[in-house]
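The file protein23.csv contains CSV, C-alpha atoms and all ligand atoms:
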```csv
chain,number,residue,atom,x,y,z
A,454,MET,CA,13.2,21.2,16.6
A,455,ALA,CA,13.3,17.8,15.0
A,456,VAL,CA,12.5,18.3,11.3
A,457,GLN,CA,11.0,15.3,9.6
A,458,THR,CA,12.3,15.2,6.1
A,459,ASP,CA,11.3,11.8,4.8
A,460,PHE,CA,8.1,11.1,2.9
A,461,ASP,CA,8.1,7.3,2.8
A,462,ASP,CA,4.7,7.1,4.4
A,463,ILE,CA,3.2,9.2,1.7
A,464,ILE,CA,5.1,7.6,-1.1
A,465,ASN,CA,8.0,5.3,-0.7
A,466,PRO,CA,10.7,6.1,-3.2
A,467,LYS,CA,14.0,4.2,-3.3
A,468,LEU,CA,13.9,2.6,0.1
A,469,TYR,CA,15.0,-0.8,1.2
A,470,PRO,CA,16.4,-1.9,-2.2
A,471,ARG,CA,17.4,-5.3,-0.7
A,472,HIS,CA,13.7,-6.3,-0.7
A,473,GLU,CA,12.8,-4.7,-4.0
A,474,PRO,CA,10.3,-6.9,-5.9
A,475,LEU,CA,11.9,-9.0,-8.6
A,476,GLN,CA,11.4,-7.8,-12.2
A,477,ILE,CA,8.8,-9.8,-14.0
A,478,GLY,CA,10.5,-11.9,-16.7
A,479,GLU,CA,14.0,-11.3,-15.3
A,480,ALA,CA,16.1,-13.5,-13.0
A,481,GLY,CA,16.3,-12.0,-9.5
A,482,ASN,CA,19.3,-14.2,-8.7
A,483,SER,CA,20.6,-17.6,-9.9
A,484,ASN,CA,17.9,-19.4,-8.0
A,485,GLU,CA,14.9,-17.2,-9.0
A,486,THR,CA,14.1,-17.1,-12.6
A,487,ALA,CA,10.4,-16.8,-12.9
A,488,PRO,CA,7.2,-17.2,-10.9
A,489,THR,CA,6.7,-20.9,-10.5
A,490,SER,CA,3.7,-22.0,-8.5
A,491,GLU,CA,0.7,-23.6,-10.1
A,492,SER,CA,-1.6,-20.8,-9.2
A,493,VAL,CA,0.5,-18.3,-11.2
A,494,GLU,CA,1.6,-20.5,-14.0
A,495,ALA,CA,-0.7,-18.8,-16.5
A,496,VAL,CA,1.2,-15.5,-16.2
A,497,GLY,CA,1.8,-13.9,-19.5
A,498,SER,CA,-0.3,-16.5,-21.4
A,499,GLY,CA,-3.1,-14.2,-22.2
A,500,THR,CA,-3.2,-10.8,-23.8
A,501,ARG,CA,-3.3,-8.9,-20.5
A,502,LYS,CA,0.0,-7.7,-19.2
A,503,PRO,CA,0.8,-8.9,-15.7
A,504,VAL,CA,2.3,-6.2,-13.5
A,505,VAL,CA,2.5,-7.8,-10.1
A,506,VAL,CA,2.9,-11.5,-9.4
A,507,VAL,CA,2.8,-12.8,-5.8
A,508,ASP,CA,4.0,-16.4,-5.7
A,509,ASP,CA,3.4,-18.5,-2.6
A,510,LEU,CA,4.3,-15.6,-0.3
A,511,HIS,CA,4.9,-16.2,3.4
A,512,VAL,CA,5.6,-13.4,5.9
A,513,LYS,CA,6.6,-14.1,9.4
A,514,TYR,CA,7.2,-11.5,12.1
A,515,GLN,CA,9.5,-12.3,15.1
A,516,ILE,CA,8.4,-10.5,18.2
A,517,PHE,CA,9.4,-10.7,21.8
A,518,ALA,CA,6.6,-11.7,24.1
A,519,GLY,CA,7.3,-8.4,25.8
A,520,GLY,CA,6.0,-6.7,22.7
A,521,LYS,CA,9.1,-5.5,21.0
A,522,ALA,CA,9.7,-6.4,17.3
A,523,ALA,CA,12.9,-8.3,16.8
A,524,GLY,CA,14.9,-6.3,14.3
A,525,ALA,CA,18.5,-6.5,13.4
A,526,ALA,CA,19.4,-4.1,16.2
A,527,ALA,CA,17.9,-6.5,18.7
A,528,GLY,CA,20.1,-9.3,17.3
A,529,ARG,CA,22.4,-9.6,20.3
A,530,GLN,CA,19.4,-9.7,22.7
A,531,LEU,CA,17.9,-12.4,20.6
A,532,LEU,CA,20.5,-14.9,21.7
A,533,THR,CA,19.8,-14.3,25.3
A,534,LYS,CA,16.0,-13.9,25.2
A,535,ALA,CA,15.2,-16.5,22.6
A,536,ARG,CA,12.7,-18.1,24.9
A,537,GLY,CA,10.6,-15.0,24.9
A,538,LEU,CA,10.5,-14.9,21.1
A,539,ARG,CA,7.1,-15.3,19.4
A,540,GLU,CA,6.4,-15.7,15.7
A,541,VAL,CA,3.4,-14.3,13.9
A,542,HIS,CA,2.8,-16.0,10.6
A,543,ALA,CA,1.0,-13.0,9.0
A,544,ILE,CA,0.9,-14.2,5.4
A,545,LYS,CA,0.5,-17.9,4.6
A,546,GLY,CA,1.2,-18.9,1.0
A,547,VAL,CA,-0.6,-16.2,-0.9
A,548,SER,CA,-0.4,-16.3,-4.7
A,549,PHE,CA,-2.1,-14.1,-7.3
A,550,VAL,CA,-1.4,-12.1,-10.4
A,551,ALA,CA,-2.5,-8.5,-10.9
A,552,TYR,CA,-2.8,-7.1,-14.5
A,553,GLU,CA,-2.3,-3.7,-16.0
A,554,ASN,CA,-5.4,-1.5,-15.8
A,555,GLU,CA,-7.0,-3.4,-12.9
A,556,SER,CA,-8.3,-1.9,-9.6
A,557,ILE,CA,-8.2,-4.5,-6.9
A,558,GLY,CA,-9.8,-4.2,-3.6
A,559,VAL,CA,-8.1,-5.9,-0.6
A,560,ILE,CA,-10.5,-6.8,2.2
A,561,GLY,CA,-10.4,-8.8,5.4
A,562,SER,CA,-11.0,-8.3,9.1
A,563,ASN,CA,-8.6,-6.6,11.5
A,564,GLY,CA,-5.2,-8.3,11.7
A,565,SER,CA,-5.9,-10.6,8.7
A,566,GLY,CA,-2.7,-9.5,6.9
A,567,LYS,CA,-3.8,-6.9,4.3
A,568,SER,CA,-1.2,-4.3,5.2
A,569,THR,CA,1.5,-6.9,5.5
A,570,LEU,CA,0.7,-8.2,2.1
A,571,MET,CA,0.8,-4.6,0.6
A,572,ARG,CA,4.0,-3.8,2.4
A,573,SER,CA,5.6,-6.9,1.0
A,574,ILE,CA,4.5,-6.0,-2.5
A,575,VAL,CA,6.1,-2.6,-2.1
A,576,GLY,CA,9.3,-4.1,-0.7
A,577,LEU,CA,9.0,-2.7,2.9
A,578,THR,CA,8.5,-6.1,4.5
A,579,PRO,CA,10.7,-8.9,3.3
A,580,PRO,CA,9.1,-12.3,2.4
A,581,SER,CA,10.0,-15.2,4.7
A,582,SER,CA,9.6,-17.4,1.7
A,583,GLY,CA,8.0,-17.1,-1.8
A,584,SER,CA,8.5,-14.1,-4.1
A,585,VAL,CA,6.9,-10.9,-5.3
A,586,TYR,CA,7.6,-9.8,-8.9
A,587,ALA,CA,6.6,-6.5,-10.4
A,588,SER,CA,6.9,-4.9,-13.8
A,589,SER,CA,7.9,-1.5,-12.1
A,590,ARG,CA,8.3,-0.2,-8.6
A,591,PRO,CA,5.0,-0.3,-6.8
A,592,ASN,CA,4.2,2.9,-4.8
A,593,LEU,CA,2.5,3.0,-1.4
A,594,LEU,CA,0.1,5.9,-0.8
A,595,GLY,CA,-0.7,6.3,2.8
A,596,VAL,CA,-2.0,9.2,4.8
A,597,GLY,CA,-0.2,8.5,8.1
A,598,ALA,CA,2.8,10.6,7.4
A,599,ALA,CA,3.5,14.0,8.7
A,600,LEU,CA,5.1,16.3,6.3
A,601,ILE,CA,6.7,19.3,8.0
A,602,PRO,CA,4.0,20.6,10.3
A,603,ASP,CA,5.6,24.0,10.8
A,604,LEU,CA,5.7,24.7,7.1
A,605,SER,CA,2.8,26.0,5.1
A,606,GLY,CA,0.6,23.7,3.0
A,607,ASP,CA,2.2,25.4,-0.1
A,608,LYS,CA,5.7,24.6,1.0
A,609,ASN,CA,4.8,21.0,1.8
A,610,ILE,CA,3.4,20.7,-1.8
A,611,MET,CA,6.9,21.6,-3.0
A,612,LEU,CA,8.5,19.1,-0.6
A,613,GLY,CA,6.1,16.3,-1.4
A,614,GLY,CA,6.4,16.9,-5.1
A,615,LEU,CA,10.2,16.8,-5.0
A,616,ALA,CA,10.0,13.6,-3.0
A,617,LEU,CA,7.9,12.1,-5.7
A,618,GLY,CA,10.7,12.8,-8.2
A,619,TYR,CA,9.3,16.0,-9.8
A,620,SER,CA,11.5,19.0,-10.6
A,621,ARG,CA,10.8,22.3,-9.0
A,622,LYS,CA,9.4,23.6,-12.2
A,623,GLU,CA,7.0,20.6,-12.6
A,624,VAL,CA,5.8,21.0,-9.0
A,625,LEU,CA,5.1,24.7,-9.7
A,626,GLU,CA,3.1,23.7,-12.7
A,627,MET,CA,1.0,21.1,-10.8
A,628,ARG,CA,0.7,23.3,-7.7
A,629,LYS,CA,-2.7,24.9,-8.7
A,630,GLU,CA,-4.2,21.5,-9.4
A,631,ILE,CA,-3.1,20.0,-6.1
A,632,ILE,CA,-4.5,23.0,-4.2
A,633,ALA,CA,-7.8,22.8,-6.1
A,634,PHE,CA,-8.1,19.1,-5.5
A,635,SER,CA,-7.4,19.5,-1.8
A,636,GLU,CA,-9.9,22.4,-1.6
A,637,LEU,CA,-7.5,24.2,0.7
A,638,GLU,CA,-7.2,27.5,-1.2
A,639,GLU,CA,-7.9,29.7,1.8
A,640,PHE,CA,-5.6,27.8,4.1
A,641,ILE,CA,-2.7,27.0,1.8
A,642,ASP,CA,-0.4,29.6,3.3
A,643,LEU,CA,-1.0,28.5,6.9
A,644,PRO,CA,1.3,26.1,8.7
A,645,MET,CA,0.1,22.5,8.3
A,646,ARG,CA,0.0,22.1,12.1
A,647,THR,CA,-3.1,24.4,12.1
A,648,TYR,CA,-4.9,21.9,9.8
A,649,SER,CA,-7.5,19.5,11.0
A,650,SER,CA,-6.6,15.8,10.4
A,651,GLY,CA,-9.1,15.7,7.5
A,652,MET,CA,-7.5,18.8,5.9
A,653,SER,CA,-4.0,17.3,6.2
A,654,ALA,CA,-5.2,14.0,4.8
A,655,ARG,CA,-6.7,15.8,1.8
A,656,LEU,CA,-3.4,17.7,1.1
A,657,LYS,CA,-1.4,14.5,1.4
A,658,PHE,CA,-3.7,12.6,-0.9
A,659,ALA,CA,-3.7,15.4,-3.4
A,660,ILE,CA,0.1,15.6,-3.5
A,661,ALA,CA,0.6,11.8,-3.8
A,662,ALA,CA,-2.2,11.2,-6.3
A,663,SER,CA,-0.9,14.0,-8.6
A,664,LYS,CA,1.4,11.5,-10.1
A,665,GLN,CA,0.3,8.9,-12.7
A,666,HIS,CA,1.5,5.7,-11.0
A,667,GLU,CA,2.0,2.5,-12.8
A,668,ILE,CA,1.3,0.4,-9.6
A,669,LEU,CA,-0.3,2.3,-6.8
A,670,ILE,CA,-1.3,0.9,-3.4
A,671,VAL,CA,-3.7,2.9,-1.3
A,672,ASP,CA,-4.0,1.7,2.3
A,673,GLU,CA,-7.1,3.1,4.0
A,674,ALA,CA,-6.5,6.6,2.7
A,675,LEU,CA,-10.2,7.0,1.9
A,676,ALA,CA,-11.3,6.4,5.5
A,677,VAL,CA,-10.3,10.0,6.3
A,678,GLY,CA,-12.0,13.1,5.0
A,679,ASP,CA,-15.7,13.6,4.5
A,680,ALA,CA,-18.0,11.8,2.2
A,681,ARG,CA,-17.6,14.3,-0.6
A,682,PHE,CA,-13.8,14.1,-0.6
A,683,ARG,CA,-14.0,10.4,-0.5
A,684,LYS,CA,-16.0,10.4,-3.7
A,685,ARG,CA,-13.5,12.6,-5.4
A,686,SER,CA,-10.6,10.5,-4.1
A,687,GLU,CA,-12.3,7.4,-5.5
A,688,ALA,CA,-12.7,9.2,-8.9
A,689,LYS,CA,-9.0,10.1,-8.8
A,690,ILE,CA,-8.1,6.4,-8.2
A,691,ARG,CA,-10.3,5.4,-11.1
A,692,SER,CA,-8.6,7.9,-13.4
A,693,ILE,CA,-5.1,6.5,-12.4
A,694,LYS,CA,-6.4,3.1,-13.2
A,695,ASP,CA,-8.0,4.2,-16.5
A,696,ASN,CA,-4.6,5.6,-17.6
A,697,ALA,CA,-3.2,2.1,-17.6
A,698,GLY,CA,-2.2,2.0,-13.9
A,699,THR,CA,-2.9,-0.8,-11.5
A,700,VAL,CA,-4.4,0.2,-8.2
A,701,PHE,CA,-4.7,-1.9,-5.0
A,702,LEU,CA,-7.2,-0.4,-2.5
A,703,VAL,CA,-7.1,-1.7,1.1
A,704,SER,CA,-10.3,-0.6,2.9
A,705,HIS,CA,-12.9,-1.6,5.4
A,706,SER,CA,-15.5,0.4,3.5
A,707,MET,CA,-17.3,-2.0,1.2
A,708,ASN,CA,-18.9,1.0,-0.5
A,709,SER,CA,-15.5,2.4,-1.4
A,710,ILE,CA,-14.4,-1.0,-2.6
A,711,LEU,CA,-17.5,-1.5,-4.7
A,712,ASP,CA,-17.4,2.0,-6.2
A,713,THR,CA,-13.7,1.7,-7.1
A,714,CYS,CA,-12.7,-1.9,-7.8
A,715,GLU,CA,-13.9,-4.5,-10.2
A,716,ARG,CA,-11.8,-7.3,-8.6
A,717,VAL,CA,-11.4,-8.1,-4.9
A,718,ILE,CA,-9.0,-10.2,-2.9
A,719,TRP,CA,-10.2,-11.3,0.5
A,720,ILE,CA,-7.4,-12.1,3.0
A,721,ASN,CA,-8.5,-14.2,6.0
A,722,LYS,CA,-6.0,-15.0,8.8
A,723,GLY,CA,-3.2,-14.6,6.4
A,724,VAL,CA,-4.7,-16.9,3.7
A,725,LEU,CA,-6.2,-15.9,0.4
A,726,GLN,CA,-9.8,-16.8,1.1
A,727,MET,CA,-11.3,-15.6,-2.2
A,728,ASP,CA,-10.2,-13.7,-5.4
A,729,GLY,CA,-12.8,-12.7,-7.9
A,730,ASP,CA,-15.2,-10.1,-9.1
A,731,ALA,CA,-15.9,-7.4,-6.5
A,732,ARG,CA,-19.6,-8.1,-6.0
A,733,SER,CA,-19.3,-11.8,-5.4
A,734,VAL,CA,-16.3,-11.5,-3.0
A,735,VAL,CA,-17.9,-8.7,-1.0
A,736,LYS,CA,-21.1,-10.7,-0.8
A,737,GLU,CA,-19.3,-13.7,0.6
A,738,TYR,CA,-17.3,-11.6,3.0
A,739,LYS,CA,-20.4,-9.9,4.4
A,740,ALA,CA,-22.1,-13.2,4.7
A,741,SER,CA,-19.2,-14.7,6.6
A,742,ARG,CA,-19.3,-11.8,9.1
A,743,LEU,CA,-23.0,-12.2,9.7
A,744,ASN,CA,-22.5,-15.8,10.6
A,745,LYS,CA,-19.9,-15.0,13.3
B,1,LIG,N1,5.6,-4.9,12.6
B,1,LIG,C1,5.0,-6.0,13.1
B,1,LIG,N2,5.6,-6.8,14.0
B,1,LIG,C2,5.0,-7.9,14.5
B,1,LIG,N3,3.7,-8.3,14.1
B,1,LIG,C3,3.1,-7.6,13.2
B,1,LIG,C4,3.7,-6.4,12.6
B,1,LIG,N4,2.8,-5.9,11.7
B,1,LIG,C5,1.7,-6.7,11.7
B,1,LIG,N5,1.9,-7.7,12.6
B,1,LIG,C6,0.9,-8.8,12.9
B,1,LIG,O1,0.6,-9.4,11.6
B,1,LIG,C7,-0.8,-9.7,11.5
B,1,LIG,C8,-1.4,-9.0,10.3
B,1,LIG,O2,-1.3,-7.6,10.6
B,1,LIG,P1,-1.7,-6.6,9.4
B,1,LIG,O3,-1.5,-5.2,9.9
B,1,LIG,O4,-1.1,-7.0,8.2
B,1,LIG,O5,-3.3,-6.8,9.3
B,1,LIG,P2,-4.4,-5.9,8.6
B,1,LIG,O6,-5.3,-6.9,7.9
B,1,LIG,O7,-3.8,-4.9,7.7
B,1,LIG,O8,-5.2,-5.3,9.8
B,1,LIG,P3,-6.1,-4.0,9.9
B,1,LIG,O9,-7.3,-4.2,9.1
B,1,LIG,O10,-6.4,-3.9,11.4
B,1,LIG,O11,-5.2,-2.8,9.5
B,1,LIG,C9,-1.4,-9.3,12.9
B,1,LIG,O12,-1.4,-10.4,13.7
B,1,LIG,C10,-0.4,-8.3,13.4
B,1,LIG,O13,-0.4,-8.3,14.8
```

In structure tokens, how does this file's structure come out?
Amino acid sequence: MAVQTDFDDIINPKLYPRHEPLQIGEAGNSNETAPTSESVEAVGSGTRKPVVVVDDLHVKYQIFAGGKAAGAAAGRQLLTKARGLREVHAIKGVSFVAYENESIGVIGSNGSGKSTLMRSIVGLTPPSSGSVYASSRPNLLGVGAALIPDLSGDKNIMLGGLALGYSRKEVLEMRKEIIAFSELEEFIDLPMRTYSSGMSARLKFAIAASKQHEILIVDEALAVGDARFRKRSEAKIRSIKDNAGTVFLVSHSMNSILDTCERVIWINKGVLQMDGDARSVVKEYKASRLNK
């Protein structure tokens, strides 16, 4: 049986260090000393602490017309099939600054580049040009990952907790709270493969959100689960933010965005269309969709 032991979809720990965001205020290398573009020049000038700075970010994907992404492994083929290569310019010069204690909604239609932007902030997708700076390592909370389906929910709490960097003792201390949050008391000893998708999602969310993150990115996690669980997840995200964390929430649900975020970034075809207070941006976004 193939056992899946990584948890990078739930939370990405120390992966892809080559693309790790640069430290705010520190030189990444001899050419990169600080965020430079005009749009981010006010960084650090106010009293608020900047935690993520995205500076003129561009992300391009190389794909074969046949559909296969062109990674390093495909390098040799690249030479021979160069004509079939297509480029998708997913992020086109996005710049913004996120501050401590903000919850920022990220909205935009399908394929507009939201996930690409978030993956770039976390360091999973390298910039083609431009830079991402962060005050500490951003964490991506997703719900797409499988833990180990043949193990019980309880055992998966231990695995997930260890993957988050907790000690065995700390996980045992948090265990009760995680089970209560997921509302899976009756099912916690059953293998995860017997859970419905909503039940698995609840457990994954409860494990990942048990940690007080400094910079947390939640990509569509709230789309799963029922309305009641969504409300509780939103409350959990707010409490992470209230404890001096910065949260990015990617969602197609304008209700979740308005209930959780005070600021919204609207990405349209890879470009930062609007960045401002949640109500105004959501209003403009909705109006633009009505006009289509
Ligand atoms: N791994 C990849 N390889 C090639 N192209 C990609 C890859 N990931 C995303 N893209 C392309 O980049 C563009 C932006 O995709 P992205 O997933 O960032 O959009 P999104 O706004 O998150 O969409 P959705 O709301 O549907 O999740 C799309 O054109 C998509 O086809």

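For the atom pair formed by atom CA of A:Met627 and atom CA of A:Ile693, the distance is 15.9 Å, given to one decimal.
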
* To do: Please extract the residues at most 12 Å from ligand LIG 1 (chain B), counting all atoms listed in the file, and provide them as a count of residues only, using the chain letters and residue numbers of this document.
  => 58

Who sits within 12 Å of A:Lys664, only C-alpha atoms, same chain under 5 positions skipped, as a PDB file with C-alpha atoms, in the frame of the given file:
```pdb
ATOM      1  CA  ILE A 464       5.100   7.600  -1.100  1.00  0.00           C
ATOM      2  CA  ASN A 592       4.200   2.900  -4.800  1.00  0.00           C
ATOM      3  CA  LEU A 594       0.100   5.900  -0.800  1.00  0.00           C
ATOM      4  CA  GLY A 613       6.100  16.300  -1.400  1.00  0.00           C
ATOM      5  CA  GLY A 614       6.400  16.900  -5.100  1.00  0.00           C
ATOM      6  CA  LEU A 615      10.200  16.800  -5.000  1.00  0.00           C
ATOM      7  CA  ALA A 616      10.000  13.600  -3.000  1.00  0.00           C
ATOM      8  CA  LEU A 617       7.900  12.100  -5.700  1.00  0.00           C
ATOM      9  CA  GLY A 618      10.700  12.800  -8.200  1.00  0.00           C
ATOM     10  CA  TYR A 619       9.300  16.000  -9.800  1.00  0.00           C
ATOM     11  CA  GLU A 623       7.000  20.600 -12.600  1.00  0.00           C
ATOM     12  CA  VAL A 624       5.800  21.000  -9.000  1.00  0.00           C
ATOM     13  CA  MET A 627       1.000  21.100 -10.800  1.00  0.00           C
ATOM     14  CA  GLU A 630      -4.200  21.500  -9.400  1.00  0.00           C
ATOM     15  CA  ILE A 631      -3.100  20.000  -6.100  1.00  0.00           C
ATOM     16  CA  PHE A 658      -3.700  12.600  -0.900  1.00  0.00           C
ATOM     17  CA  ALA A 659      -3.700  15.400  -3.400  1.00  0.00           C
ATOM     18  CA  LEU A 669      -0.300   2.300  -6.800  1.00  0.00           C
ATOM     19  CA  LYS A 689      -9.000  10.100  -8.800  1.00  0.00           C
ATOM     20  CA  ILE A 690      -8.100   6.400  -8.200  1.00  0.00           C
ATOM     21  CA  SER A 692      -8.600   7.900 -13.400  1.00  0.00           C
ATOM     22  CA  ILE A 693      -5.100   6.500 -12.400  1.00  0.00           C
ATOM     23  CA  LYS A 694      -6.400   3.100 -13.200  1.00  0.00           C
ATOM     24  CA  ASN A 696      -4.600   5.600 -17.600  1.00  0.00           C
ATOM     25  CA  GLY A 698      -2.200   2.000 -13.900  1.00  0.00           C
TER      26      GLY A 698
END
```

Quiz prompt | Residue neighbourhood A:Ile668, 9 Å, only C-alpha atoms, exclusion window fewer than 4 positions, as a list of chain:residue names | solution = A:Val504, A:Val505, A:Glu553, A:Ala587, A:Ser588, A:Ser589, A:Arg590, A:Pro591, A:Asn592, A:Leu593, A:Lys694, A:Gly698, A:Thr699, A:Val700, A:Phe701

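Here atom CA of A:Gly546 and atom CA of A:Leu510 stand 4.7 Å from one another.
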
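Among the candidate residues A:Val575, A:Val506, A:Met645, A:Val717, the one lying nearest to A:Gly558 is A:Val717, with distances computed using all atoms listed in the file.
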